[in-house]
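Structure data (compact mmCIF, C-alpha atoms) from query12.txt:
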```
# COMPACT_ATOMS: atom_id res chain seq x y z
CA MET I 29 40.01 113.45 -159.31
CA THR I 30 40.92 116.62 -157.47
CA ASP I 31 44.53 117.34 -156.70
CA GLU I 32 44.22 119.27 -153.46
CA PHE I 33 47.74 120.66 -153.63
CA LYS I 34 47.12 122.41 -156.95
CA PRO I 35 44.04 124.60 -156.63
CA GLY I 36 44.00 125.41 -160.34
CA GLY I 37 47.64 126.40 -160.16
CA TRP I 38 49.58 128.82 -158.02
CA PHE I 39 49.60 132.40 -159.25
CA PRO I 40 51.63 135.49 -158.36
CA ASP I 41 48.67 136.95 -156.48
CA ASP I 42 48.78 133.96 -154.09
CA CYS I 43 52.45 134.53 -153.28
CA VAL I 44 54.26 136.48 -150.59
CA ILE I 45 58.01 136.87 -150.94
CA THR I 46 60.24 137.77 -148.00
CA LEU I 47 63.96 138.25 -147.50
CA GLU I 48 65.64 138.01 -144.13
CA LYS I 49 69.24 138.92 -143.50
CA LYS I 50 70.85 136.71 -140.86
CA GLY I 51 70.71 138.73 -137.67
CA GLY I 52 68.54 141.36 -139.33
CA ALA I 53 64.98 142.24 -140.20
CA THR I 54 62.55 140.41 -142.48
CA THR I 55 61.47 142.49 -145.45
CA THR I 56 58.48 141.72 -147.63
CA VAL I 57 59.53 142.29 -151.24
CA THR I 58 56.51 140.82 -153.04
CA THR I 59 55.56 143.91 -155.00
CA ASP I 60 59.14 144.53 -156.17
CA VAL I 61 59.24 141.26 -158.07
CA THR I 62 58.20 140.71 -161.69
CA ASN I 63 59.69 137.25 -162.12
CA PHE I 64 61.11 134.48 -159.95
CA ALA I 65 63.25 131.60 -161.17
CA GLU I 66 65.07 128.73 -159.52
CA SER I 67 67.71 126.65 -161.21
CA GLY I 68 70.63 124.42 -160.35
CA GLY I 69 70.68 121.81 -157.63
CA GLU I 70 71.38 119.22 -160.28
CA ARG I 71 72.37 115.70 -159.30
CA ASP I 72 74.52 114.52 -162.14
CA VAL I 73 75.64 110.96 -162.72
CA GLU I 74 78.33 109.55 -164.94
CA SER I 75 79.05 106.03 -165.92
CA ALA I 76 82.47 104.50 -166.35
CA ALA I 77 82.71 101.75 -168.92
CA HIS I 78 84.42 98.54 -167.86
CA PHE I 79 85.56 95.52 -169.80
CA GLY I 80 82.87 93.01 -170.61
CA GLY I 81 80.25 95.69 -171.26
CA ALA I 82 79.91 96.54 -167.57
CA LYS I 83 79.33 100.07 -166.34
CA VAL I 84 79.91 101.69 -162.99
CA THR I 85 77.63 104.59 -162.09
CA ILE I 86 79.38 107.53 -160.44
CA LYS I 87 77.06 109.85 -158.52
CA LYS I 88 78.42 113.40 -158.56
CA PRO I 89 77.93 115.84 -155.66
CA GLN I 90 74.78 117.92 -155.95
CA GLY I 91 75.24 121.31 -157.59
CA ASP I 92 74.45 124.67 -156.01
CA PHE I 93 70.98 126.20 -156.30
CA GLU I 94 70.50 129.51 -158.02
CA VAL I 95 67.60 131.81 -157.22
CA SER I 96 66.85 134.78 -159.41
CA PHE I 97 64.46 137.72 -159.16
CA ASP I 98 63.60 140.29 -161.78
CA ILE I 99 62.63 143.43 -159.91
CA GLY I 100 61.60 147.02 -160.27
CA VAL I 101 64.26 149.19 -158.65
CA ASN I 102 62.75 151.73 -156.26
CA ASP I 103 65.38 152.17 -153.58
CA THR I 104 68.68 150.85 -152.21
CA PHE I 105 67.21 147.74 -150.58
CA TRP I 106 68.51 145.23 -153.14
CA ALA I 107 72.00 146.75 -153.10
CA ASP I 108 72.19 145.60 -149.49
CA VAL I 109 71.92 142.01 -150.73
CA LEU I 110 75.38 142.24 -152.27
CA SER I 111 76.94 144.60 -149.81
CA GLY I 112 75.71 144.99 -146.26
CA SER I 113 77.27 148.39 -145.67
CA ILE I 114 74.46 150.79 -144.89
CA THR I 115 74.65 154.34 -143.61
CA THR I 116 71.58 156.39 -142.81
CA ALA I 117 71.41 160.11 -142.15
CA GLY I 118 68.07 161.83 -141.88
CA SER I 119 65.99 160.69 -144.81
CA ALA I 120 68.99 159.48 -146.81
CA THR I 121 70.39 155.96 -147.06
CA LYS I 122 73.73 154.95 -148.54
CA VAL I 123 74.78 151.41 -149.43
CA SER I 124 78.44 151.26 -150.33
CA SER I 125 80.29 148.37 -151.95
CA ASP I 126 82.63 147.71 -149.04
CA GLY I 127 80.17 145.81 -146.89
CA THR I 128 79.85 142.23 -145.73
CA HIS I 129 78.58 139.40 -147.91
CA ASP I 130 75.62 138.40 -145.79
CA ASP I 131 73.56 135.23 -145.58
CA PHE I 132 69.88 135.53 -146.44
CA LYS I 133 66.77 133.46 -145.94
CA ILE I 134 64.56 133.70 -149.00
CA LYS I 135 60.98 132.58 -148.68
CA LEU I 136 58.22 132.36 -151.26
CA GLU I 137 54.87 131.20 -149.96
CA TRP I 138 51.77 130.58 -152.02
CA ARG I 139 48.50 130.27 -150.15
CA GLU I 140 44.92 129.75 -151.18
CA SER I 141 43.36 133.10 -150.44
CA THR I 142 39.66 132.40 -150.87
CA ILE I 143 38.69 128.73 -150.97
CA GLY I 144 40.49 126.03 -149.04
CA SER I 145 43.63 126.28 -147.01
CA SER I 146 46.40 124.74 -149.06
CA GLY I 147 49.86 126.18 -148.83
CA TYR I 148 53.13 125.71 -150.62
CA LYS I 149 56.40 127.36 -149.74
CA LEU I 150 59.98 127.44 -150.93
CA ILE I 151 62.62 128.41 -148.41
CA TYR I 152 66.29 128.96 -149.19
CA TYR I 153 68.61 129.28 -146.19
CA ASN I 154 72.05 130.88 -146.28
CA ALA I 155 71.59 132.24 -149.79
CA ASN I 156 74.23 134.74 -150.85
CA GLY I 157 73.67 137.47 -153.38
CA VAL I 158 76.07 136.95 -156.29
CA SER I 159 75.02 139.57 -158.81
CA TYR I 160 72.74 142.56 -159.24
CA GLU I 161 72.33 143.91 -162.76
CA LYS I 162 70.28 146.97 -163.58
CA SER I 163 68.94 148.42 -166.79
CA ASN I 164 66.70 151.28 -167.83
CA PRO I 165 65.68 151.24 -171.51
CA VAL I 166 64.44 154.52 -172.89
CA ASP I 167 60.88 153.23 -173.24
CA SER I 168 60.60 151.59 -169.84
CA TYR I 169 61.53 151.93 -166.19
CA LEU I 170 64.53 151.03 -164.05
CA THR I 171 64.64 147.31 -163.46
CA GLY I 172 67.14 144.84 -162.09
CA THR I 173 67.97 141.17 -161.85
CA VAL I 174 69.27 139.82 -158.56
CA ASN I 175 70.86 136.39 -158.40
CA PHE I 176 71.50 134.34 -155.29
CA LYS I 177 73.41 131.13 -154.84
CA LEU I 178 73.30 128.56 -152.07
CA ALA I 179 74.82 125.16 -151.58
CA SER I 180 72.39 122.25 -151.30
CA LYS I 181 73.77 121.49 -147.83
CA ASP I 182 75.54 123.44 -145.10
CA ASN I 183 78.90 122.57 -143.55
CA ILE I 184 77.43 119.79 -141.40
CA GLY I 185 75.27 118.28 -144.13
CA SER I 186 71.90 119.88 -143.39
CA GLY I 187 69.77 120.59 -146.46
CA GLN I 188 69.47 124.34 -147.03
CA LYS I 189 66.51 124.32 -149.41
CA PHE I 190 63.09 123.45 -148.03
CA GLU I 191 60.00 122.80 -150.12
CA ILE I 192 56.92 122.37 -147.93
CA GLU I 193 53.25 121.87 -148.75
CA CYS I 194 50.10 121.34 -146.72
CA THR I 195 46.35 121.13 -147.04
CA ASP I 196 45.75 123.19 -143.90
CA PHE I 197 48.25 125.96 -143.19
CA SER I 198 46.64 126.72 -139.84
CA ASP I 199 48.04 123.42 -138.57
CA THR I 200 50.75 124.67 -136.27
CA GLY I 201 50.96 121.60 -134.07
CA GLY I 202 54.30 120.08 -133.22
CA SER I 203 57.76 120.44 -134.61
CA GLY I 204 56.90 118.36 -137.67
CA SER I 205 54.34 120.51 -139.46
CA TYR I 206 53.97 123.14 -142.15
CA VAL I 207 54.92 125.82 -139.64
CA GLY I 208 57.12 123.69 -137.39
CA TRP I 209 59.59 122.59 -140.06
CA GLU I 210 60.27 126.20 -140.95
CA THR I 211 60.72 127.12 -137.29
CA LEU I 212 63.20 124.27 -136.92
CA GLY I 213 65.08 125.46 -140.00
CA ASP I 214 65.20 129.01 -138.62
CA THR I 215 66.72 127.72 -135.39
CA LEU I 216 69.14 125.37 -137.14
CA PHE I 217 70.48 128.06 -139.47
CA GLY I 218 70.33 130.97 -137.01
CA PHE I 219 67.53 133.05 -138.55
CA MET A 8 72.26 145.35 -122.78
CA ARG A 9 69.13 146.39 -124.68
CA TYR A 10 68.72 147.92 -128.09
CA LYS A 11 66.01 150.08 -129.60
CA ILE A 12 65.32 149.14 -133.21
CA THR A 13 63.42 151.74 -135.20
CA CYS A 14 61.90 151.23 -138.64
CA LEU A 15 63.03 153.97 -141.06
CA THR A 16 61.44 152.70 -144.23
CA ASN A 17 58.04 152.58 -145.88
CA ARG A 18 58.78 148.97 -146.78
CA ASN A 19 56.93 146.24 -144.95
CA ILE A 20 59.45 144.87 -142.45
CA SER A 21 59.16 142.64 -139.42
CA ILE A 22 61.56 141.81 -136.62
CA LYS A 23 61.14 138.67 -134.53
CA GLY A 24 57.70 138.23 -136.06
CA LYS A 25 56.48 141.75 -135.19
CA GLY A 26 55.52 143.95 -138.12
CA LEU A 27 56.83 147.51 -137.98
CA THR A 28 55.74 150.55 -139.91
CA LYS A 29 57.86 153.65 -140.44
CA GLY A 30 58.73 155.27 -137.13
CA GLU A 31 57.75 152.31 -134.97
CA SER A 32 60.27 150.77 -132.59
CA ILE A 33 60.93 147.51 -130.83
CA ILE A 34 63.30 146.72 -127.94
CA LEU A 35 65.63 143.73 -128.32
CA ASP A 36 68.37 142.25 -126.19
CA LYS A 37 70.81 142.06 -129.08
CA PRO A 38 71.70 144.43 -131.89
CA ILE A 39 70.60 143.85 -135.46
CA ASP A 40 71.48 145.60 -138.66
CA GLY A 41 70.07 145.80 -142.14
CA TYR A 42 68.25 147.97 -144.58
CA GLY A 43 65.65 150.38 -143.25
CA ILE A 44 66.31 150.08 -139.55
CA LYS A 45 68.17 152.08 -136.94
CA CYS A 46 69.69 150.25 -134.00
CA GLU A 47 70.48 152.26 -130.86
CA LYS A 48 71.97 151.04 -127.62
CA ILE A 49 69.75 151.87 -124.67
CA GLU A 50 71.70 153.22 -121.75
CA ASP A 51 70.84 151.67 -118.43
CA LYS A 52 69.57 154.68 -116.41
CA LYS A 53 70.07 152.92 -113.07
CA LYS A 54 73.70 152.12 -113.84
CA ASN A 55 74.35 155.65 -115.10
CA LYS A 56 72.85 157.11 -111.93
CA LEU A 57 75.08 154.92 -109.74
CA LYS A 58 78.09 155.85 -111.86
CA LYS A 59 77.36 159.56 -111.44
CA GLU A 60 76.91 159.15 -107.69
CA GLU A 61 80.25 157.34 -107.47
CA GLU A 62 81.93 160.17 -109.35
```
Go through the file and emit its structure as structure tokens.
Amino acid sequence: MTDEFKPGGWFPDDCVITLEKKGGATTTVTTDVTNFAESGGERDVESAAHFGGAKVTIKKPQGDFEVSFDIGVNDTFWADVLSGSITTAGSATKVSSDGTHDDFKIKLEWRESTIGSSGYKLIYYNANGVSYEKSNPVDSYLTGTVNFKLASKDNIGSGQKFEIECTDFSDTGGSGSYVGWETLGDTLFGF
Amino acid sequence: MRYKITCLTNRNISIKGKGLTKGESIILDKPIDGYGIKCEKIEDKKKNKLKKEEE
């Protein structure tokens, strides 16, 4: 049996990663990234014991999602994630730590590049950068780890993490489609 | 009001779905900010001309 959504597995070469600041430009960061990780979003439950051996299940609110990238540091782009205070002059760019804490749309999309037309994408709306750590060991190059956090829902209860798949990514028809759902999310969250 | 957005970076950026390379510009009806772009307000030449005439 062929699983059409897993064409032998998704690999980094199939993936394009973009970051979009709300009200700003979309930047492709694919070749900066050496590792991607998602965690959090847990839905914990507890049970309260009652007399007679009974138990009441308590469903806890869903936890925040965390998205993390290991990157090679080449410029000041990732500093803007934590602090949107940018000054440019000639060929120079300065990002200072007094800027705004902006909302980002993070998108990772894996597509079949040669055979077939399956697609799979992860979209995180209103993600906020929470940390940016850098290191440069003596036997390697300057790298960093950038962490984002986002709540599972926004302030009116709309889910902020989308996970979408398809068997034909050229299907753009209608609002309910591989492309349409993302367009709706962009409109809903102001991207 | 219109704004000229110019790409200042070698990074691959796009604005409103249009890809921009370094030095390329796009005109928008609202300002945007962010890494690698310059946003300039475009003066309305017609309005400026009228203003000068009034003065």
Item to check | Contact set, chain I to chain A: 12 Å, all atoms listed in the file, as a ChimeraX atom specification | outcome: /I:44-60,102-123,127-128,130-132,211,214,219
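Contact shell of I:Leu212 at 12 Å (all atoms listed in the file; same-chain neighbours under 6 positions omitted): Tyr153, Ser186, Gln188, Phe190, Gly202, Ser203, Gly204, Ser205, Tyr206, Gly218 and Phe219 of chain I.
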Next on the checklist: Using Å and a single decimal, report how far atom CA of I:Ser141 sits from atom CA of I:Val174.
Outcome noted: 28.0 Å
Item to check | Atomic distance atom CA of I:Val73 - atom CA of I:Glu94, expressed in Å with one decimal | outcome: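 Separation of atom CA of I:Val73 and atom CA of I:Glu94: 19.8 Å.
If you count only C-alpha atoms and draw a sphere of 7 Å around (63.2, 144.9, -131.1), the protein and nucleic acid residues inside it come out as Tyr10, Lys11, Ile12, Ile22, Ser32, Ile33, Ile34 and Leu35 of chain A.
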Item to check | Residues within 9 Å of I:Phe176, all atoms listed in the file, excluding chain neighbours under 3 positions, as a ChimeraX atom specification | outcome: /I:93-97,109,155-159
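Atom CA of I:Asn63 is found 13.2 Å from atom CA of I:Val101.
Close to (74.0, 145.9, -162.7), meaning no more than 9 Å away when counting all atoms listed in the file, sit the residues Ser159, Tyr160, Glu161, Lys162, Ser163, Gly172, Thr173 and Val174 of chain I.
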For the selection you just gave me, I'd like the residues written to a file as an mmCIF file, in the coordinates of the input, keeping C-alpha atoms.
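Resulting contents of result_18.cif:
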```cif
data_model
loop_
_atom_site.group_PDB
_atom_site.id
_atom_site.type_symbol
_atom_site.label_atom_id
_atom_site.label_comp_id
_atom_site.auth_asym_id
_atom_site.auth_seq_id
_atom_site.Cartn_x
_atom_site.Cartn_y
_atom_site.Cartn_z
ATOM 1 C CA SER I 159 75.020 139.570 -158.810
ATOM 2 C CA TYR I 160 72.740 142.560 -159.240
ATOM 3 C CA GLU I 161 72.330 143.910 -162.760
ATOM 4 C CA LYS I 162 70.280 146.970 -163.580
ATOM 5 C CA SER I 163 68.940 148.420 -166.790
ATOM 6 C CA GLY I 172 67.140 144.840 -162.090
ATOM 7 C CA THR I 173 67.970 141.170 -161.850
ATOM 8 C CA VAL I 174 69.270 139.820 -158.560
#
```
Checklist entry - I:Asp199: which residues within 12 Å, counting all atoms listed in the file, same-chain residues fewer than 6 positions away excluded, as number ranges by chain? => result I: 145-147, 193, 205-209
